[in-house]
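Structure record follows, encoded as structure tokens.
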Amino acid sequence: MQKTLSYKESWFGNIKGDILSGIVVALALIPEAIAFSIIAGVDPMVGLYASFIISVVIAFVGGRPGMISAATGAMALVMIDLVADYGLEYLLAATVLTGILQIIFGVSKLARLMKFIPRSVMVGFVNALAILIFTSQLEHFENVGWIMYAMVIGTLAIIYLFPYITRAIPSPLIAIVAITVIAITANMNVTTVGELGQITKAFPAFLIPPVPFSFETLAIIFPYSLALAVVGLVESLLTASIIDEFTGTPSNKNVESNGQGIANIITGFFGGMAGCAMIGQSVINVKSGGRGRLSSLVAGLFLIFLIVFMGDIVSQIPIAALVGVMIMVAIGTFDWGSIRLLRIVPLTDNLVMIVTVLTVIFTHNLAIGVLAGILLSTIFFVSKISKVEVTKTMKHSRMVYFFRGEIFFASVTELLEDFDYNIREAKEVIFDLSGARLWDDSAVAAFDKIVLTFEREGINVYLTGLNQASSELKAKLSRKLSSH
Amino acid sequence: MYKKILLASDGSEHSHRTTEHAISLSKAFGSTVEVVYVKDSAKVKSDTLHNWNKVGITDLQRDKFATVEQKLTEAGISYELTFLSGDPGPTLVDYANKNDFDIVLIGSRGLNALQEMVLGSVSHKVAKRANCPVLIIK
């Protein structure tokens, strides 16, 4: 890893590359921001304003220069029920609270805990995200004719084939323009963005979310905000690591966590939905030469410029074109390598990944999926390390028990159940604990019990090889053990 | 003659054979070797994801080159390791031409047949457009 850039360098170290890549990103952001708004069930402007404000704010306060944050699919999926049940006002309030929670996470340095999310949970996270983005598009195919299918296939064909002609302009944008032009000139009767919500050709305005300031409101929005905060940080920190790897430069994850929080608070007050970093857009940005904060600022400003001056065209975009873009996003998000690796990766890792995916699909909540994945891998971890191996050897007239493993609440039950008290003709028993470690009071209690059983038979037990931490614990907790 | 060798490598099994040739050539001509790896934006996501619990602890990109580095060190060759990022073919051509290399060594494999048909092979692109001789190792 190279040295960290100074704040000034992170702004002005790569002016030409950042401006060009920022423009490319803005063009690629527009269709996604609209499509994610449709997933969340809000007006397209909510996602467009969010993308404008978040990318501009993150340019100043983010911890990973060159990373792009805006309205995202992961966040949109979490907010569906809130919007459906309580409406946009509550979403805006939840967005502000999400920001506050993320700042709390950032200040308390919880961001580094993200490193403890197991690999298989992360893989499950992106796979579940991809599957949900894909399935969220299926409703657009209900009761439609062949034209819809043809347009979606046409969009995908342009997206995947146009890069062989040129990579200068993002192919999803070409696809959207082409499909829109075809739909308008052929006068096709297809659903357009304008029919799902007004494209307001104006800059966002400050407003305090019009919800009652009460405990009830908090009780409604808090679960959503917590889930949004967690999902936003997971995706942002994963994206930051990807950009770290690609550019070979480090980033500050706690600053990024705070930055995401600040961006979401401001977005909530300007009528935007909660967002986070975007893997796809960030990769497009660095691939197009973007490295600094300027790229994110340019992306946001150019986006709002396009909306304010070309909003009429945006509202003519057929939904079919956006569905095509979302299918591309789903394909690009899914970790196809994980399927190939299914046969190589340990079974428990695969189970964790699959449980994470299934939990998300059933709950429609990525945060719960991550939690379930972490819980399951913790259980696997505990069961893996809770095997205590006991070997017996006869030395002179003593029976030596050698213990190897971690002795703690999860391992003592099995240890006690399987303990072999048969010492044949031995007069004394020695417990060699040099290969073991006592972790808690249940470990001490377990030894108390074994020793007591021997003492009832009139057999003395001696302990050797306790390491310092274990013997301190034993001294503190033990009542019956008589060590020498 | 071949004083400055560019060894294009992705650290894979296939690239080890290319490394052997670079070593022989370097010994014959007393040349320096620069191992160049182009990070592909299409792969960086899965690389990071699959090494998630190692990220930040080790340098993922450099790890791939452990074998290549070991081979070169054992042969007593002085080398440098350079990471570039972008579309592999054009990036390699650009780097080779700008830094006056005397020869480029590159493996012919890496992609599968389908990827090669669609994307065109990187070695073919380099051979066509580099200004210096290109040795393609089969």
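Ordering of the structure tokens sets the chain letters (A, B, ...); residue numbers start at 1 within each chain; ligands are numbered from 1 in the order shown.
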Write out as a PDB file with C-alpha atoms, in the first residue's frame every residue belonging to chain A that has an atom at most 10 Å from any atom of chain B, counting only C-alpha atoms.
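This went into result-v5.pdb:
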```
ATOM      1  CA  MET A   1       0.000   0.000   0.000  1.00  0.00           C
ATOM      2  CA  LYS A 115     -13.680  -6.731   9.435  1.00  0.00           C
ATOM      3  CA  PHE A 116     -15.059  -9.493  11.636  1.00  0.00           C
ATOM      4  CA  ILE A 117     -17.878 -10.235   9.236  1.00  0.00           C
ATOM      5  CA  PRO A 118     -16.868 -13.626   7.851  1.00  0.00           C
ATOM      6  CA  ARG A 119     -16.037 -13.917   4.166  1.00  0.00           C
ATOM      7  CA  SER A 120     -18.939 -16.273   3.503  1.00  0.00           C
ATOM      8  CA  VAL A 121     -21.399 -13.736   4.970  1.00  0.00           C
ATOM      9  CA  MET A 122     -20.016 -11.030   2.687  1.00  0.00           C
ATOM     10  CA  VAL A 123     -20.387 -13.321  -0.332  1.00  0.00           C
ATOM     11  CA  VAL A 126     -23.752  -9.565  -2.468  1.00  0.00           C
ATOM     12  CA  TYR A 164     -16.895  -3.773 -28.324  1.00  0.00           C
ATOM     13  CA  LEU A 238     -16.777  -3.546   1.182  1.00  0.00           C
ATOM     14  CA  THR A 239     -16.671  -1.037  -1.674  1.00  0.00           C
ATOM     15  CA  SER A 241     -11.818  -2.200   0.361  1.00  0.00           C
ATOM     16  CA  ILE A 242     -12.342  -2.974  -3.321  1.00  0.00           C
ATOM     17  CA  ILE A 243     -11.191   0.526  -4.276  1.00  0.00           C
ATOM     18  CA  ASP A 244      -8.248   0.243  -1.838  1.00  0.00           C
ATOM     19  CA  GLU A 245      -7.208  -2.931  -3.643  1.00  0.00           C
ATOM     20  CA  PHE A 246      -7.675  -1.515  -7.121  1.00  0.00           C
ATOM     21  CA  THR A 247      -5.843   1.749  -6.533  1.00  0.00           C
ATOM     22  CA  GLY A 248      -3.275   0.356  -4.090  1.00  0.00           C
ATOM     23  CA  PRO A 250      -5.411   2.879   1.916  1.00  0.00           C
ATOM     24  CA  ILE A 279     -19.656  -1.203  -5.889  1.00  0.00           C
ATOM     25  CA  GLY A 280     -20.485  -1.004  -9.602  1.00  0.00           C
ATOM     26  CA  VAL A 283     -15.443   0.474 -10.134  1.00  0.00           C
ATOM     27  CA  ILE A 284     -16.663   2.390 -13.211  1.00  0.00           C
ATOM     28  CA  VAL A 286     -11.692   4.215 -10.987  1.00  0.00           C
ATOM     29  CA  LYS A 287     -11.689   2.306 -14.283  1.00  0.00           C
ATOM     30  CA  SER A 288     -12.465   5.575 -16.089  1.00  0.00           C
ATOM     31  CA  GLY A 289      -9.493   7.229 -14.393  1.00  0.00           C
ATOM     32  CA  GLY A 332     -22.744  -7.638 -12.178  1.00  0.00           C
ATOM     33  CA  THR A 333     -23.418  -7.741  -8.434  1.00  0.00           C
ATOM     34  CA  PHE A 334     -23.703 -11.522  -8.135  1.00  0.00           C
ATOM     35  CA  ASP A 335     -20.456 -13.216  -7.191  1.00  0.00           C
ATOM     36  CA  TRP A 336     -20.297 -15.901  -9.886  1.00  0.00           C
ATOM     37  CA  GLY A 337     -16.976 -17.137  -8.560  1.00  0.00           C
ATOM     38  CA  SER A 338     -18.758 -18.337  -5.410  1.00  0.00           C
ATOM     39  CA  LEU A 341     -15.944 -22.369  -5.393  1.00  0.00           C
TER      40      LEU A 341
END
```
Do you know which residues are at most 6 Å from stretch 11-26 of chain B counting only C-alpha atoms, after dropping those on the same chain fewer than 3 positions away, and could you put them as a ChimeraX atom specification?
/B:29-31,64-65,107,137
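Reported to one decimal place, the separation of atom CA of A:Ile304 from atom CA of A:Leu20 is 16.3 Å.
Taking atom CA of A:Ser377 as the reference point, atom CA of A:Asp441 is found at 24.3 Å.
Every residue of stretch 4-138 of chain B found in strand (DSSP E) when DSSP is run on the backbone appears here: Lys4, Ile5, Leu6, Leu7, Ala8, Thr32, Val33, Glu34, Val35, Val36, Tyr37, Val38, Lys39, Tyr79, Glu80, Leu81, Thr82, Phe83, Leu84, Ser85, Ile103, Val104, Leu105, Ile106, Gly107, Val134, Leu135, Ile136 and Ile137 of chain B.
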Spatial neighbours of A:Gly465, max dist 8 Å, only C-alpha atoms, sep filter under 4 positions, as a list in words:
Asp432, Leu433, Ser434 and Gly435 of chain A
Expected file: the selected residues, C-alpha atoms, as a CSV table (one decimal), in the first residue's frame:
```
chain,number,residue,atom,x,y,z
A,432,ASP,CA,-1.6,-32.3,32.6
A,433,LEU,CA,-3.2,-29.1,31.4
A,434,SER,CA,-0.2,-27.7,29.4
A,435,GLY,CA,-2.2,-28.2,26.1
```
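One finds atom CA of A:Ser21 at 17.7 Å from atom CA of A:Ala33.
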If we count only C-alpha atoms and set the cut-off at 10 Å, which residues sit around B:Glu80, ignoring sequence neighbours fewer than 6 positions away in its own chain? Please answer as an MDAnalysis selection string.
chainID B and resid 6:7 32:36 69
What lies within 10 Å of A:Lys384 using only C-alpha atoms, ignoring chain neighbours under 5 positions off, as a ChimeraX atom specification?
/A:378-379,411
Which residues, written as a PyMOL selection string, have at least one atom at most 8 Å from A:Ile103, with only C-alpha atoms counted and residues fewer than 6 positions away on the same chain left out?
chain A and resi 257-262
Quick check for you: according to DSSP on this backbone, which residues of stretch 199-404 of chain A are classed as alpha helix (DSSP H)? Reply as JSON, numbers by chain.
{"A": [215, 216, 217, 218, 219, 220, 221, 222, 223, 224, 225, 226, 227, 228, 229, 230, 231, 232, 233, 234, 235, 236, 237, 238, 239, 240, 241, 242, 243, 244, 245, 246, 247, 253, 254, 255, 256, 257, 258, 259, 260, 261, 262, 263, 264, 265, 266, 267, 268, 269, 279, 280, 281, 282, 283, 284, 285, 286, 287, 293, 294, 295, 296, 297, 298, 299, 300, 301, 302, 303, 304, 305, 306, 307, 308, 309, 310, 311, 312, 313, 314, 319, 320, 321, 322, 323, 324, 325, 326, 327, 328, 329, 330, 331, 332, 333, 337, 338, 339, 340, 347, 348, 349, 350, 351, 352, 353, 354, 355, 356, 357, 358, 359, 360, 361, 362, 363, 366, 367, 368, 369, 370, 371, 372, 373, 374, 375, 376, 377, 378, 379, 380, 381, 382, 383, 384, 385]}
Resulting file, chosen residues, C-alpha atoms, as a tab-separated table (two decimals), in the first residue's frame:
```
chain	number	residue	atom	x	y	z
A	215	PHE	CA	-41.96	8.16	20.54
A	216	GLU	CA	-44.35	6.38	18.17
A	217	THR	CA	-42.58	7.81	15.15
A	218	LEU	CA	-39.25	6.71	16.58
A	219	ALA	CA	-40.61	3.21	17.21
A	220	ILE	CA	-41.73	3.01	13.58
A	221	ILE	CA	-38.54	4.26	11.95
A	222	PHE	CA	-35.88	2.92	14.33
A	223	PRO	CA	-35.84	-0.72	13.12
A	224	TYR	CA	-35.60	0.48	9.51
A	225	SER	CA	-32.92	3.04	10.33
A	226	LEU	CA	-30.84	0.47	12.17
A	227	ALA	CA	-31.09	-1.95	9.25
A	228	LEU	CA	-30.30	0.83	6.76
A	229	ALA	CA	-27.31	1.97	8.84
A	230	VAL	CA	-25.88	-1.56	8.99
A	231	VAL	CA	-26.53	-2.37	5.32
A	232	GLY	CA	-25.11	1.00	4.24
A	233	LEU	CA	-21.93	0.50	6.23
A	234	VAL	CA	-21.43	-3.09	5.10
A	235	GLU	CA	-21.69	-2.16	1.43
A	236	SER	CA	-19.67	1.04	1.86
A	237	LEU	CA	-16.80	-0.67	3.65
A	238	LEU	CA	-16.78	-3.55	1.18
A	239	THR	CA	-16.67	-1.04	-1.67
A	240	ALA	CA	-13.93	0.95	0.07
A	241	SER	CA	-11.82	-2.20	0.36
A	242	ILE	CA	-12.34	-2.97	-3.32
A	243	ILE	CA	-11.19	0.53	-4.28
A	244	ASP	CA	-8.25	0.24	-1.84
A	245	GLU	CA	-7.21	-2.93	-3.64
A	246	PHE	CA	-7.68	-1.52	-7.12
A	247	THR	CA	-5.84	1.75	-6.53
A	253	LYS	CA	-12.96	3.37	7.36
A	254	ASN	CA	-14.09	5.33	10.41
A	255	VAL	CA	-14.01	8.62	8.49
A	256	GLU	CA	-16.00	6.89	5.76
A	257	SER	CA	-18.56	5.70	8.32
A	258	ASN	CA	-18.97	9.27	9.65
A	259	GLY	CA	-19.12	10.60	6.11
A	260	GLN	CA	-21.90	8.20	5.14
A	261	GLY	CA	-23.78	9.38	8.23
A	262	ILE	CA	-23.38	13.08	7.42
A	263	ALA	CA	-24.43	12.46	3.81
A	264	ASN	CA	-27.57	10.59	4.86
A	265	ILE	CA	-28.60	13.26	7.39
A	266	ILE	CA	-28.31	16.00	4.78
A	267	THR	CA	-30.06	13.86	2.16
A	268	GLY	CA	-32.99	13.26	4.51
A	269	PHE	CA	-33.48	17.01	4.96
A	279	ILE	CA	-19.66	-1.20	-5.89
A	280	GLY	CA	-20.48	-1.00	-9.60
A	281	GLN	CA	-20.32	2.78	-9.94
A	282	SER	CA	-17.13	3.04	-7.89
A	283	VAL	CA	-15.44	0.47	-10.13
A	284	ILE	CA	-16.66	2.39	-13.21
A	285	ASN	CA	-15.19	5.56	-11.68
A	286	VAL	CA	-11.69	4.22	-10.99
A	287	LYS	CA	-11.69	2.31	-14.28
A	293	ARG	CA	-12.75	13.54	-4.33
A	294	LEU	CA	-13.34	15.76	-7.34
A	295	SER	CA	-14.74	12.78	-9.28
A	296	SER	CA	-17.59	12.31	-6.79
A	297	LEU	CA	-18.35	16.07	-6.75
A	298	VAL	CA	-18.42	16.26	-10.56
A	299	ALA	CA	-20.67	13.18	-10.72
A	300	GLY	CA	-23.22	14.76	-8.37
A	301	LEU	CA	-23.19	18.21	-9.99
A	302	PHE	CA	-23.39	16.87	-13.53
A	303	LEU	CA	-26.26	14.60	-12.53
A	304	ILE	CA	-28.40	17.44	-11.15
A	305	PHE	CA	-27.48	19.60	-14.13
A	306	LEU	CA	-28.79	16.90	-16.48
A	307	ILE	CA	-32.00	16.50	-14.49
A	308	VAL	CA	-32.72	20.22	-14.26
A	309	PHE	CA	-32.10	20.89	-17.92
A	310	MET	CA	-33.15	17.61	-19.51
A	311	GLY	CA	-35.82	16.33	-17.15
A	312	ASP	CA	-38.41	16.10	-19.96
A	313	ILE	CA	-36.36	13.54	-21.81
A	314	VAL	CA	-35.80	11.54	-18.63
A	319	ILE	CA	-39.51	1.29	-17.88
A	320	ALA	CA	-38.34	-1.64	-20.05
A	321	ALA	CA	-34.97	0.07	-20.52
A	322	LEU	CA	-34.56	0.52	-16.76
A	323	VAL	CA	-35.52	-3.11	-16.16
A	324	GLY	CA	-32.72	-4.07	-18.56
A	325	VAL	CA	-30.26	-1.90	-16.63
A	326	MET	CA	-31.34	-3.47	-13.33
A	327	ILE	CA	-30.87	-6.98	-14.72
A	328	MET	CA	-27.36	-5.94	-15.72
A	329	VAL	CA	-26.77	-4.56	-12.21
A	330	ALA	CA	-27.97	-7.86	-10.71
A	331	ILE	CA	-25.69	-9.91	-12.99
A	332	GLY	CA	-22.74	-7.64	-12.18
A	333	THR	CA	-23.42	-7.74	-8.43
A	337	GLY	CA	-16.98	-17.14	-8.56
A	338	SER	CA	-18.76	-18.34	-5.41
A	339	ILE	CA	-20.66	-20.95	-7.44
A	340	ARG	CA	-17.45	-22.33	-8.90
A	347	LEU	CA	-19.20	-27.13	3.92
A	348	THR	CA	-19.78	-24.88	6.94
A	349	ASP	CA	-18.74	-21.80	4.91
A	350	ASN	CA	-21.13	-22.78	2.14
A	351	LEU	CA	-23.94	-23.26	4.66
A	352	VAL	CA	-23.30	-19.81	6.12
A	353	MET	CA	-23.37	-18.27	2.65
A	354	ILE	CA	-26.57	-20.06	1.66
A	355	VAL	CA	-28.32	-19.31	4.97
A	356	THR	CA	-27.40	-15.63	4.58
A	357	VAL	CA	-28.91	-15.59	1.07
A	358	LEU	CA	-32.07	-17.47	2.08
A	359	THR	CA	-32.65	-15.30	5.15
A	360	VAL	CA	-32.46	-12.19	2.99
A	361	ILE	CA	-34.80	-13.63	0.40
A	362	PHE	CA	-37.40	-14.53	3.05
A	363	THR	CA	-37.10	-11.38	5.17
A	366	LEU	CA	-30.09	-7.59	4.11
A	367	ALA	CA	-29.31	-6.59	7.69
A	368	ILE	CA	-31.14	-9.62	9.11
A	369	GLY	CA	-29.33	-11.82	6.60
A	370	VAL	CA	-25.95	-10.51	7.74
A	371	LEU	CA	-26.93	-11.06	11.36
A	372	ALA	CA	-28.13	-14.62	10.68
A	373	GLY	CA	-24.91	-15.36	8.79
A	374	ILE	CA	-22.74	-14.03	11.60
A	375	LEU	CA	-24.70	-16.00	14.22
A	376	LEU	CA	-24.44	-19.23	12.25
A	377	SER	CA	-20.71	-18.84	11.64
A	378	THR	CA	-20.23	-18.08	15.34
A	379	ILE	CA	-22.02	-21.32	16.21
A	380	PHE	CA	-19.85	-23.25	13.74
A	381	PHE	CA	-16.74	-21.62	15.14
A	382	VAL	CA	-17.68	-22.45	18.70
A	383	SER	CA	-18.48	-26.05	17.84
A	384	LYS	CA	-15.18	-26.38	15.96
A	385	ILE	CA	-13.05	-25.15	18.85
```
What's around stretch 442-449 of chain A at 12 Å? Count only C-alpha atoms, leave out sequence neighbours fewer than 3 positions away in its own chain, and write the answer as a PyMOL selection string.
chain A and resi 386+388+403+405-417+419+421+431+433+436-439+452-456+461-463+466+470-483
